[in-house]
file protein-v2.cif (mmCIF, C-alpha atoms)
data_work
#
loop_
_atom_site.label_atom_id
_atom_site.label_comp_id
_atom_site.auth_asym_id
_atom_site.auth_seq_id
_atom_site.Cartn_x
_atom_site.Cartn_y
_atom_site.Cartn_z
CA MET A 135 -39.63 32.22 65.43
CA ARG A 136 -36.29 33.07 64.00
CA PRO A 137 -35.12 31.87 60.62
CA GLY A 138 -32.03 29.75 60.81
CA PRO A 139 -28.93 30.82 59.00
CA ALA A 140 -28.31 29.47 55.58
CA ALA A 141 -26.89 25.99 55.72
CA HIS A 142 -23.15 26.02 55.43
CA GLY A 143 -22.18 25.05 51.93
CA LYS A 144 -21.15 21.46 51.54
CA SER A 145 -17.89 20.91 49.84
CA PRO A 146 -17.00 17.89 47.76
CA ALA A 147 -15.83 15.08 49.99
CA PRO A 148 -12.03 15.03 50.02
CA HIS A 149 -10.16 12.15 48.50
CA ARG A 150 -13.39 10.63 47.31
CA ASP A 151 -11.70 8.47 44.69
CA ARG A 152 -9.13 7.09 47.08
CA ARG A 153 -11.80 6.23 49.56
CA ASN A 154 -13.93 4.33 47.12
CA ALA A 155 -11.69 1.29 47.15
CA VAL A 156 -11.54 1.31 50.93
CA ARG A 157 -15.26 1.80 51.07
CA ARG A 158 -15.99 -1.17 48.81
CA LEU A 159 -13.75 -3.47 50.83
CA ARG A 160 -15.18 -2.27 54.10
CA TRP A 161 -18.76 -2.60 52.93
CA LEU A 162 -18.03 -6.10 51.70
CA SER A 163 -16.66 -7.00 55.10
CA VAL A 164 -19.75 -5.56 56.77
CA LEU A 165 -21.97 -7.51 54.40
CA LEU A 166 -20.08 -10.74 55.07
CA GLY A 167 -20.24 -10.03 58.78
CA CYS A 168 -23.98 -9.58 58.63
CA MET A 169 -24.37 -12.82 56.68
CA TRP A 170 -22.20 -14.61 59.21
CA GLY A 171 -23.88 -13.44 62.33
CA ALA A 172 -27.27 -12.20 61.25
CA GLY A 173 -29.50 -11.74 64.24
CA ALA A 174 -26.84 -12.91 66.65
CA SER A 175 -25.61 -9.47 67.69
CA ALA A 176 -27.29 -6.40 69.03
CA GLN A 177 -24.80 -4.34 67.05
CA ALA A 178 -25.68 -4.21 63.40
CA LEU A 179 -22.72 -2.26 62.07
CA ASP A 180 -19.01 -1.99 62.68
CA ILE A 181 -18.77 1.73 63.12
CA TYR A 182 -15.33 1.72 64.66
CA GLY A 183 -12.57 3.73 63.09
CA ARG A 184 -11.65 7.27 62.18
CA TYR A 185 -13.95 9.84 60.64
CA VAL A 186 -13.58 13.46 59.58
CA GLY A 187 -16.62 15.70 59.64
CA GLU A 188 -17.65 17.33 56.40
CA LEU A 189 -17.52 21.11 56.29
CA GLY A 190 -21.22 21.42 55.66
CA ILE A 191 -23.87 20.99 58.31
CA ALA A 192 -27.60 20.93 57.62
CA GLU A 193 -29.35 23.28 59.97
CA PRO A 194 -33.12 23.54 60.37
CA ALA A 195 -34.96 26.03 58.22
CA GLU A 196 -35.81 27.84 61.42
CA TYR A 197 -35.16 27.59 65.12
CA VAL A 198 -38.56 27.79 66.78
CA LEU A 199 -37.68 29.62 69.96
CA THR A 200 -39.85 29.95 73.03
CA GLU A 201 -40.23 33.34 74.63
CA GLN A 202 -37.46 32.45 77.05
CA GLY A 203 -35.31 31.16 74.23
CA GLN A 204 -35.86 34.29 72.19
CA LEU A 205 -34.84 36.42 75.14
CA ALA A 206 -31.70 34.38 75.63
CA PHE A 207 -30.93 34.59 71.91
CA ASP A 208 -31.38 38.35 71.85
CA ASN A 209 -29.20 38.90 74.89
CA TYR A 210 -26.30 36.65 73.95
CA ASP A 211 -23.36 38.04 72.06
CA PRO A 212 -21.11 35.12 71.10
CA ASP A 213 -18.16 37.48 70.78
CA TYR A 214 -18.44 38.04 74.52
CA GLY A 215 -20.44 35.10 75.81
CA ASP A 216 -18.44 32.30 74.27
CA PRO A 217 -15.94 31.15 76.91
CA ARG A 218 -13.33 30.69 74.18
CA GLN A 219 -13.34 34.43 73.66
CA TRP A 220 -11.66 34.61 77.05
CA ASP A 221 -9.63 31.42 77.03
CA ASP A 222 -8.96 29.57 73.79
CA CYS A 223 -8.57 26.33 75.73
CA GLU A 224 -12.06 26.26 77.21
CA PRO A 225 -13.49 22.98 75.91
CA GLU A 226 -16.38 22.74 73.52
CA GLY A 227 -19.31 20.63 74.57
CA ILE A 228 -22.14 18.56 73.22
CA PRO A 229 -23.54 19.24 70.70
CA ALA A 230 -21.20 22.03 69.57
CA ILE A 231 -18.18 19.74 69.25
CA LEU A 232 -20.18 17.59 66.83
CA LEU A 233 -20.81 20.59 64.63
CA THR A 234 -17.55 22.49 64.72
CA LEU A 235 -16.25 22.92 61.19
CA GLY A 236 -12.56 23.54 61.60
CA VAL A 237 -11.30 20.56 63.56
CA ALA A 238 -13.54 17.56 63.23
CA THR A 239 -11.71 14.28 63.49
CA VAL A 240 -13.03 11.54 65.74
CA ASP A 241 -12.20 7.94 66.50
CA PHE A 242 -14.97 5.53 67.43
CA VAL A 243 -13.31 3.00 69.72
CA GLN A 244 -14.93 -0.14 71.12
CA MET A 245 -14.18 -0.63 74.80
CA ASP A 246 -15.41 -3.11 77.38
CA GLY A 247 -19.03 -2.13 77.92
CA THR A 248 -18.62 1.31 76.46
CA VAL A 249 -17.82 3.07 73.22
CA GLU A 250 -15.32 5.89 73.32
CA MET A 251 -15.49 8.79 70.93
CA ARG A 252 -12.09 10.43 70.89
CA TYR A 253 -12.07 13.85 69.28
CA GLU A 254 -9.09 15.77 68.03
CA ARG A 255 -10.74 18.94 69.27
CA ASP A 256 -9.75 19.44 72.91
CA ASP A 257 -8.46 15.83 73.01
CA ALA A 258 -11.98 15.23 74.26
CA VAL A 259 -12.95 11.66 75.11
CA ARG A 260 -16.63 10.85 75.37
CA VAL A 261 -17.62 7.66 77.09
CA ILE A 262 -20.80 6.19 75.67
CA HIS A 263 -22.26 3.83 78.24
CA MET A 264 -23.81 0.79 76.59
CA ASP A 265 -25.35 -0.80 79.69
CA GLY A 266 -28.59 1.15 79.46
CA ALA A 267 -28.28 2.46 83.00
CA GLU A 268 -29.51 5.90 83.97
CA PRO A 269 -26.91 8.52 84.89
CA PRO A 270 -25.79 8.27 88.52
CA PRO A 271 -27.79 10.62 90.76
CA ASP A 272 -24.70 12.62 91.57
CA GLN A 273 -23.63 12.93 87.93
CA PRO A 274 -22.61 16.58 87.49
CA HIS A 275 -23.56 18.72 84.53
CA THR A 276 -20.56 18.95 82.24
CA VAL A 277 -19.81 20.09 78.70
CA LEU A 278 -19.83 16.48 77.46
CA GLY A 279 -22.63 15.33 79.76
CA TYR A 280 -23.51 11.70 80.39
CA SER A 281 -24.08 9.58 77.30
CA ARG A 282 -25.89 6.29 76.85
CA GLY A 283 -25.72 4.34 73.62
CA ARG A 284 -27.87 1.68 72.02
CA TRP A 285 -28.54 0.13 68.67
CA ASP A 286 -31.83 0.75 66.95
CA GLY A 287 -31.50 -1.67 64.06
CA ASP A 288 -28.67 -0.30 61.96
CA VAL A 289 -28.69 3.03 63.72
CA PHE A 290 -26.34 3.83 66.58
CA VAL A 291 -28.24 6.06 68.99
CA ILE A 292 -26.61 8.15 71.71
CA GLU A 293 -28.65 9.97 74.30
CA THR A 294 -26.87 12.63 76.32
CA SER A 295 -28.07 14.50 79.39
CA ARG A 296 -26.49 16.27 82.36
CA LEU A 297 -25.06 18.85 80.04
CA ALA A 298 -23.71 22.26 80.89
CA ALA A 299 -25.75 25.16 79.58
CA GLY A 300 -24.36 26.86 76.52
CA VAL A 301 -25.21 27.24 72.86
CA VAL A 302 -26.10 24.65 70.26
CA ILE A 303 -23.42 25.70 67.77
CA ALA A 304 -20.27 27.53 68.78
CA GLN A 305 -20.14 31.19 67.79
CA THR A 306 -23.91 31.39 67.44
CA SER A 307 -26.56 32.62 69.85
CA TYR A 308 -28.88 29.60 69.86
CA PRO A 309 -29.24 28.85 73.56
CA MET A 310 -29.20 25.50 75.29
CA SER A 311 -30.16 24.93 78.91
CA GLU A 312 -28.56 22.43 81.25
CA ASN A 313 -31.76 20.39 81.04
CA ALA A 314 -31.34 19.83 77.33
CA PHE A 315 -31.52 16.25 76.08
CA VAL A 316 -29.42 15.54 73.01
CA VAL A 317 -29.98 12.54 70.76
CA GLU A 318 -27.43 11.57 68.11
CA ARG A 319 -28.19 9.02 65.43
CA TYR A 320 -25.46 7.55 63.25
CA TRP A 321 -26.03 5.31 60.28
CA ARG A 322 -24.64 4.38 56.89
CA GLU A 323 -26.34 4.66 53.59
CA PRO A 324 -26.20 1.45 51.53
CA GLY A 325 -22.79 0.94 49.98
CA GLU A 326 -21.21 3.72 52.03
CA ASN A 327 -18.64 3.69 54.80
CA ASP A 328 -19.26 7.28 55.76
CA LEU A 329 -21.53 7.94 58.69
CA GLN A 330 -24.60 10.09 58.50
CA MET A 331 -25.31 11.95 61.71
CA GLU A 332 -28.52 13.52 62.87
CA VAL A 333 -28.34 15.34 66.18
CA THR A 334 -31.51 16.51 67.87
CA VAL A 335 -31.60 18.94 70.77
CA GLU A 336 -34.70 18.67 72.92
CA ASP A 337 -34.81 21.72 75.15
CA PRO A 338 -38.40 22.79 75.82
CA ALA A 339 -37.31 25.79 77.85
CA ASN A 340 -35.74 27.36 74.77
CA TYR A 341 -37.35 25.68 71.75
CA ALA A 342 -40.97 24.96 70.91
CA GLN A 343 -39.77 22.25 68.56
CA PRO A 344 -36.69 20.04 68.81
CA VAL A 345 -33.73 21.33 66.83
CA THR A 346 -32.30 18.80 64.39
CA ILE A 347 -28.99 19.26 62.58
CA GLY A 348 -27.34 16.88 60.13
CA ARG A 349 -23.76 16.20 59.19
CA GLU A 350 -21.77 13.60 57.31
CA TRP A 351 -18.67 12.01 58.81
CA VAL A 352 -16.27 10.71 56.19
CA PHE A 353 -14.59 7.40 56.94
CA SER A 354 -10.93 8.40 56.91
CA PRO A 355 -8.68 5.67 58.30
CA ASP A 356 -5.56 7.43 57.00
CA ALA A 357 -6.41 10.92 58.21
CA PRO A 358 -3.94 12.39 60.70
CA LYS A 359 -5.12 13.09 64.21
CA HIS A 360 -2.76 15.25 66.19
CA PRO A 361 -2.56 15.96 69.90
CA TRP A 362 -4.50 19.10 70.62
CA ASP A 363 -1.76 20.75 72.73
CA CYS A 364 -3.89 23.81 73.23
CA VAL A 365 -2.20 27.19 73.55
CA SER A 366 -4.29 30.18 74.50
CA LEU A 367 -3.44 33.49 72.91
CA GLY A 368 -5.22 35.26 75.74
CA PRO A 369 -8.56 37.02 76.09
CA ARG A 370 -9.89 38.96 73.15
CA HIS A 371 -11.44 41.69 75.20
CA THR A 372 -8.63 43.46 76.91
CA ASP A 373 -6.98 46.81 76.43
CA ASP A 374 -3.60 45.66 77.68
CA LEU A 375 -2.46 42.93 75.31
CA ASP A 376 1.18 42.29 76.15
CA ILE A 377 2.58 41.08 72.85
CA ASP A 378 6.15 41.01 74.12
CA GLU A 379 5.17 38.60 76.89
CA LEU A 380 3.14 36.53 74.45
CA ARG A 381 6.06 36.41 72.03
CA ARG A 382 8.37 35.13 74.76
CA ARG A 383 5.81 32.49 75.72
CA LEU A 384 5.34 31.32 72.15
CA GLU A 385 9.04 31.31 71.37
CA ALA A 386 9.58 29.04 74.37
CA LEU A 387 7.22 26.38 72.99
CA MET B 3 -16.00 49.79 72.82
CA ALA B 4 -16.11 49.75 69.06
CA ALA B 5 -15.53 53.47 68.85
CA GLY B 6 -12.58 53.24 71.20
CA MET B 7 -11.09 50.46 69.19
CA ALA B 8 -11.41 52.35 65.97
CA GLY B 9 -9.76 55.36 67.51
CA SER B 10 -6.83 53.43 68.88
CA ASN B 11 -6.12 51.88 65.54
CA ALA B 12 -6.72 54.88 63.40
CA ALA B 13 -3.20 56.21 63.81
CA VAL B 14 -1.64 53.25 62.03
CA ALA B 15 -4.46 52.15 59.77
CA HIS B 16 -3.55 52.82 56.18
CA HIS B 17 -6.90 51.79 54.92
CA SER B 18 -10.06 50.57 56.58
CA PHE B 19 -13.67 50.01 55.81
CA ALA B 20 -16.48 49.37 58.18
CA GLN B 21 -17.95 45.91 58.35
CA ARG B 22 -20.76 44.77 60.52
CA MET B 23 -19.95 41.41 62.04
CA ALA B 24 -21.60 39.64 64.98
CA GLY B 25 -23.43 42.79 65.85
CA GLU B 26 -20.24 44.73 66.41
CA LEU B 27 -18.56 47.26 64.23
CA GLN B 28 -15.25 45.86 63.21
CA SER B 29 -12.92 46.85 60.49
CA ILE B 30 -10.46 45.38 58.07
CA GLU B 31 -7.17 47.18 58.22
CA ILE B 32 -4.30 46.99 55.77
CA HIS B 33 -0.73 47.22 56.97
CA GLU B 34 2.79 46.75 55.73
CA GLY B 35 5.26 45.06 57.99
CA THR B 36 7.64 42.26 58.80
CA ILE B 37 6.83 38.90 60.31
CA GLU B 38 8.48 38.50 63.68
CA LEU B 39 6.95 35.20 64.76
CA TYR B 40 4.87 32.48 63.14
CA LYS B 41 3.59 29.53 65.12
CA MET B 42 1.17 26.81 64.13
CA LEU B 43 -0.99 26.27 67.21
CA ASN B 44 -4.36 24.95 68.32
CA PRO B 45 -6.95 26.30 68.32
CA HIS B 46 -5.47 29.37 66.61
CA SER B 47 -2.14 29.73 64.92
CA ALA B 48 -0.36 33.00 65.56
CA LEU B 49 1.51 35.64 63.64
CA ILE B 50 3.26 38.54 65.28
CA VAL B 51 3.95 41.24 62.73
CA ARG B 52 5.92 44.40 63.27
CA VAL B 53 3.83 46.92 61.39
CA ASP B 54 5.82 49.71 59.82
CA GLY B 55 5.75 52.99 61.66
CA ASP B 56 5.05 56.19 59.84
CA GLY B 57 8.51 57.44 60.69
CA THR B 58 7.29 60.71 62.08
CA SER B 59 6.77 60.36 65.81
CA GLY B 60 10.05 58.77 66.78
CA GLU B 61 8.76 58.25 70.30
CA ASP B 62 9.19 55.14 72.38
CA THR B 63 5.76 55.44 73.95
CA ALA B 64 6.03 52.18 75.82
CA GLY B 65 9.32 53.16 77.33
CA ASP B 66 10.88 49.77 76.77
CA GLY B 67 12.08 50.17 73.26
CA THR B 68 10.28 47.03 72.16
CA SER B 69 6.71 47.97 71.56
CA GLY B 70 4.38 50.84 71.13
CA GLU B 71 3.64 53.13 68.30
CA ASP B 72 6.85 54.80 67.31
CA ALA B 73 9.06 55.30 64.32
CA ALA B 74 9.94 51.63 64.40
CA GLY B 75 6.31 50.61 64.19
CA GLU B 76 4.24 48.46 66.49
CA ASP B 77 3.48 44.81 66.90
CA TRP B 78 0.25 43.13 65.95
CA LEU B 79 -1.02 39.71 66.98
CA ILE B 80 -2.87 38.06 64.14
CA GLU B 81 -4.84 34.87 64.58
CA LEU B 82 -4.97 32.19 61.92
CA SER B 83 -6.86 28.91 61.75
CA SER B 84 -5.88 25.95 63.89
CA ALA B 85 -2.68 24.04 63.33
CA SER B 86 -4.83 20.97 62.68
CA THR B 87 -6.67 22.67 59.86
CA LEU B 88 -3.71 24.47 58.34
CA GLY B 89 -1.60 21.33 58.50
CA ARG B 90 -4.18 19.41 56.50
CA GLU B 91 -4.09 22.12 53.89
CA GLY B 92 -0.34 21.84 53.54
CA TRP B 93 0.93 24.59 55.79
CA THR B 94 4.16 23.78 57.56
CA ASP B 95 6.23 25.39 60.28
CA ASP B 96 8.35 27.11 57.62
CA PHE B 97 5.50 28.18 55.36
CA LEU B 98 6.09 31.67 56.75
CA SER B 99 9.29 32.91 58.33
CA ALA B 100 10.48 35.65 60.62
CA GLY B 101 11.80 38.42 58.42
CA ASP B 102 9.27 37.94 55.62
CA ARG B 103 8.03 41.28 54.33
CA VAL B 104 4.26 41.30 54.14
CA SER B 105 1.21 43.30 53.28
CA ILE B 106 -1.53 42.14 55.54
CA ALA B 107 -5.30 42.55 55.81
CA ILE B 108 -6.61 42.10 59.32
CA LEU B 109 -10.11 41.91 60.70
CA ALA B 110 -9.44 43.92 63.82
CA SER B 111 -10.78 42.69 67.13
CA ARG B 112 -11.87 44.80 70.08
CA THR B 113 -8.42 44.38 71.60
CA PRO B 114 -6.02 46.92 70.15
CA ASN B 115 -3.30 45.46 67.95
CA ARG B 116 -5.07 42.13 67.64
CA GLY B 117 -7.07 40.68 64.80
CA ARG B 118 -7.81 37.79 62.53
CA LEU B 119 -6.04 37.21 59.25
CA ARG B 120 -8.02 37.94 56.13
CA ALA B 121 -5.25 38.15 53.55
CA LEU B 122 -1.50 38.14 53.47
CA LEU B 123 0.82 39.08 50.62
CA VAL B 124 4.28 37.67 51.30
CA HIS B 125 6.59 39.75 49.17
CA ALA B 126 9.18 38.01 47.05
CA ASP B 127 12.79 38.28 48.18
CA ALA B 128 13.88 39.43 44.75
CA ALA B 129 12.19 41.99 42.55
CA ALA B 130 11.68 39.49 39.77
CA GLY B 131 10.37 36.73 42.01
CA ALA B 132 6.82 35.72 42.69
CA SER B 133 5.06 36.80 45.84
CA ARG B 134 2.51 34.62 47.60
CA LEU B 135 -1.00 35.83 48.31
CA ILE B 136 -2.75 33.92 51.08
CA VAL B 137 -6.44 34.50 51.43
CA ALA B 138 -7.97 33.29 54.66
CA TYR B 139 -11.29 32.23 56.05
CA GLY B 140 -13.80 35.05 55.88
CA ILE B 141 -13.03 35.99 52.30
CA ARG B 142 -12.94 32.43 51.04
CA GLY B 143 -15.81 30.82 49.25
CA ASP B 144 -17.64 31.58 46.04
CA THR B 145 -17.22 35.32 46.38
CA PRO B 146 -16.36 38.00 43.81
CA ILE B 147 -12.98 38.41 45.48
CA MET B 148 -12.13 34.75 45.13
CA ARG B 149 -13.44 34.55 41.60
CA ARG B 150 -11.27 37.46 40.49
CA LEU B 151 -8.20 35.89 42.06
CA ARG B 152 -8.82 32.41 40.70
CA GLU B 153 -9.30 33.83 37.21
CA ARG B 154 -5.97 35.62 37.28
CA LEU B 155 -3.54 33.75 39.48
CA PRO B 156 -2.07 30.25 39.74
CA THR B 157 -2.21 28.53 43.11
CA CYS B 158 0.81 27.72 45.24
CA ALA B 159 2.24 24.24 45.04
CA GLY B 160 1.66 22.10 48.09
CA ILE B 161 -1.30 24.01 49.47
CA GLU B 162 -4.61 22.23 49.16
CA ALA B 163 -7.51 24.49 50.00
CA ARG B 164 -10.03 21.71 50.46
CA LEU B 165 -10.88 22.74 54.01
CA GLU B 166 -11.67 26.24 52.83
CA ARG B 167 -9.65 27.91 55.53
CA GLY B 168 -7.00 29.40 53.33
CA GLU B 169 -5.97 29.58 49.71
CA CYS B 170 -2.56 30.49 48.35
CA PHE B 171 -1.83 32.13 45.01
CA MET B 172 1.47 32.83 43.27
CA VAL B 173 1.70 36.44 42.17
CA GLU B 174 4.30 37.36 39.59
CA PRO B 175 5.33 41.05 39.55
CA ALA B 176 3.42 41.74 36.34
CA ALA B 177 0.30 40.08 37.71
CA LEU B 178 0.54 42.12 40.90
CA ARG B 179 0.87 45.34 38.95
CA ALA B 180 -2.17 44.39 36.88
CA LEU B 181 -4.21 43.64 39.99
CA GLU B 182 -3.19 46.89 41.62
CA GLU B 183 -4.17 48.85 38.54
CA GLU B 184 -7.51 47.12 38.18
CA PHE B 185 -8.35 47.20 41.90
CA PRO B 186 -6.72 50.37 43.21
CA GLY B 187 -5.96 51.08 46.82
CA GLU B 188 -3.84 49.10 49.23
CA MET B 189 -4.62 45.44 48.68
CA GLY B 190 -7.69 46.61 46.79
CA TYR B 191 -7.78 43.27 45.00
CA ILE B 192 -8.90 41.49 48.20
CA LEU B 193 -11.44 44.13 49.19
CA PRO B 194 -15.08 44.14 48.12
#

call {"tool": "encode", "arguments": {"input": "protein-v2.cif", "output": "structure tokens"}}
result
Amino acid sequence: MRPGPAAHGKSPAPHRDRRNAVRRLRWLSVLLGCMWGAGASAQALDIYGRYVGELGIAEPAEYVLTEQGQLAFDNYDPDYGDPRQWDDCEPEGIPAILLTLGVATVDFVQMDGTVEMRYERDDAVRVIHMDGAEPPPDQPHTVLGYSRGRWDGDVFVIETSRLAAGVVIAQTSYPMSENAFVVERYWREPGENDLQMEVTVEDPANYAQPVTIGREWVFSPDAPKHPWDCVSLGPRHTDDLDIDELRRRLEAL
Amino acid sequence: MAAGMAGSNAAVAHHSFAQRMAGELQSIEIHEGTIELYKMLNPHSALIVRVDGDGTSGEDTAGDGTSGEDAAGEDWLIELSSASTLGREGWTDDFLSAGDRVSIAILASRTPNRGRLRALLVHADAAAGASRLIVAYGIRGDTPIMRRLRERLPTCAGIEARLERGECFMVEPAALRALEEEFPGEMGYILP
């Protein structure tokens, strides 16, 4: 068993005052909506809109690794193993993209039969299938996997499988196999427009207990969300960095 | 690898101290130089800084007159946070400019002449003007370094450090002299 790192410090939510007015109006509309259509819809909350992830994430007190997981942990150096150490534009996957601290803006968008989660990071678009169907047999393992969504009362639940192997949190060594099953739960506390997220990684090959991490997503309808337009600065492990060539490439942007 | 890196950088490092990070020996190096390029990019913004040479070798080791360790110095690639993050904190495309004279603290990577920004002092154009001290992710937080800076220096207008990726202070000449006396050594005021 390996103690988890100290939880990243939570910072005060930005623009809290400005959001309060929006929050009250939005909560009122949700309340009125519930009164209007109570029991008539399988969806209890209007979660659609833009959110920015708080800087703090709540990690478990310890990651209870299996023997195989411990071996993988001990032998993984994120400064070499992370694909982004070689190419900045390698995409982050589930669940790491949910937990990245630097760029964490997402739009929840209602589509026909699906929900799309459109992240600023990597311009990633997750399709959350709401039809309850199992993943197609030929569904490949990818960094975003195959996601199914459902409502459990007021909680939006996303189950993701067919993931690519990697790590739970970018730039850490906590392993995740391609057979991992990731469950996200999103809900609102009473009177709040922000979303609480709890993401659980079930990966018996690496963990004797599921790993659960929490984060708050701040409702931020006015927050900017820019195209990612990724530019790689090149691999970090080379002895022949050609700065002149890089300079020419960057000046041409 | 770490030993090789340290050796390759030793010739131009004015000051360094060992720091264990991610299981690898890395070092923070302090340099003086001139910004050649500044670009806000995702996932990492970029600075290219021409670090001052020591003026003694006078050799164009690269043979192209544009790079290499020689009397004219050598170029360093320094990574900053993402354009998305810096933009939210108020950084703009002209927040830094080619030609700016800087003192710079870099967390060196394994690749020679590459590192991550830890602190940047952008020297004032005029002797009586205020410089800007930018302290980046890695030093930020409730640390002794940050506390000493916050106690002594006003912050830059227009930069909101709410994402904790960078913080900018205005440094008047007298305040800089006081910091240098109290925390001796090159950029000693941003070192532990």

call {"tool": "interface_residues", "arguments": {"input": "protein-v2.cif", "of": "chain A", "to": "chain B", "cutoff": "8 Å", "atoms": "all atoms listed in the file", "output": "ChimeraX atom specification"}}
result
/A:145,148,189,211-213,222-223,236-237,360,362-367,370-375,377-378,381,384-385

call {"tool": "atom_distance", "arguments": {"input": "protein-v2.cif", "atom1": "CA of Thr334 in chain A", "atom2": "CA of Ala314 in chain A"}}
result
10.0 Å

call {"tool": "atom_distance", "arguments": {"input": "protein-v2.cif", "atom1": "CA of Gly247 in chain A", "atom2": "CA of Glu226 in chain A"}}
result
25.4 Å

call {"tool": "resolve_selection", "arguments": {"input": "protein-v2.cif", "expression": "the PyMOL selection byres ((chain A and resi 358) around 10)", "output": "PDB file with C-alpha atoms, in the frame of the given file"}}
result
ATOM      1  CA  ARG A 184     -11.650   7.270  62.180  1.00  0.00           C
ATOM      2  CA  VAL A 186     -13.580  13.460  59.580  1.00  0.00           C
ATOM      3  CA  THR A 239     -11.710  14.280  63.490  1.00  0.00           C
ATOM      4  CA  GLU A 254      -9.090  15.770  68.030  1.00  0.00           C
ATOM      5  CA  SER A 354     -10.930   8.400  56.910  1.00  0.00           C
ATOM      6  CA  PRO A 355      -8.680   5.670  58.300  1.00  0.00           C
ATOM      7  CA  ASP A 356      -5.560   7.430  57.000  1.00  0.00           C
ATOM      8  CA  ALA A 357      -6.410  10.920  58.210  1.00  0.00           C
ATOM      9  CA  LYS A 359      -5.120  13.090  64.210  1.00  0.00           C
ATOM     10  CA  HIS A 360      -2.760  15.250  66.190  1.00  0.00           C
ATOM     11  CA  PRO A 361      -2.560  15.960  69.900  1.00  0.00           C
TER      12      PRO A 361
ATOM     13  CA  SER B  86      -4.830  20.970  62.680  1.00  0.00           C
ATOM     14  CA  GLY B  89      -1.600  21.330  58.500  1.00  0.00           C
ATOM     15  CA  ARG B  90      -4.180  19.410  56.500  1.00  0.00           C
TER      16      ARG B  90
END

call {"tool": "closest_residue", "arguments": {"input": "protein-v2.cif", "among": "B:Ile108, B:Ile30, B:Met42, B:Thr94", "to": "Gly160 in chain B", "atoms": "all atoms listed in the file"}}
result
B:Thr94

call {"tool": "resolve_selection", "arguments": {"input": "protein-v2.cif", "expression": "the PyMOL selection byres ((chain A and resi 260) around 10)", "output": "ChimeraX atom specification"}}
result
/A:228,242,248-253,257-259,261-263,278-281

call {"tool": "atom_distance", "arguments": {"input": "protein-v2.cif", "atom1": "CA of Tyr185 in chain A", "atom2": "CA of Val277 in chain A"}}
result
21.6 Å
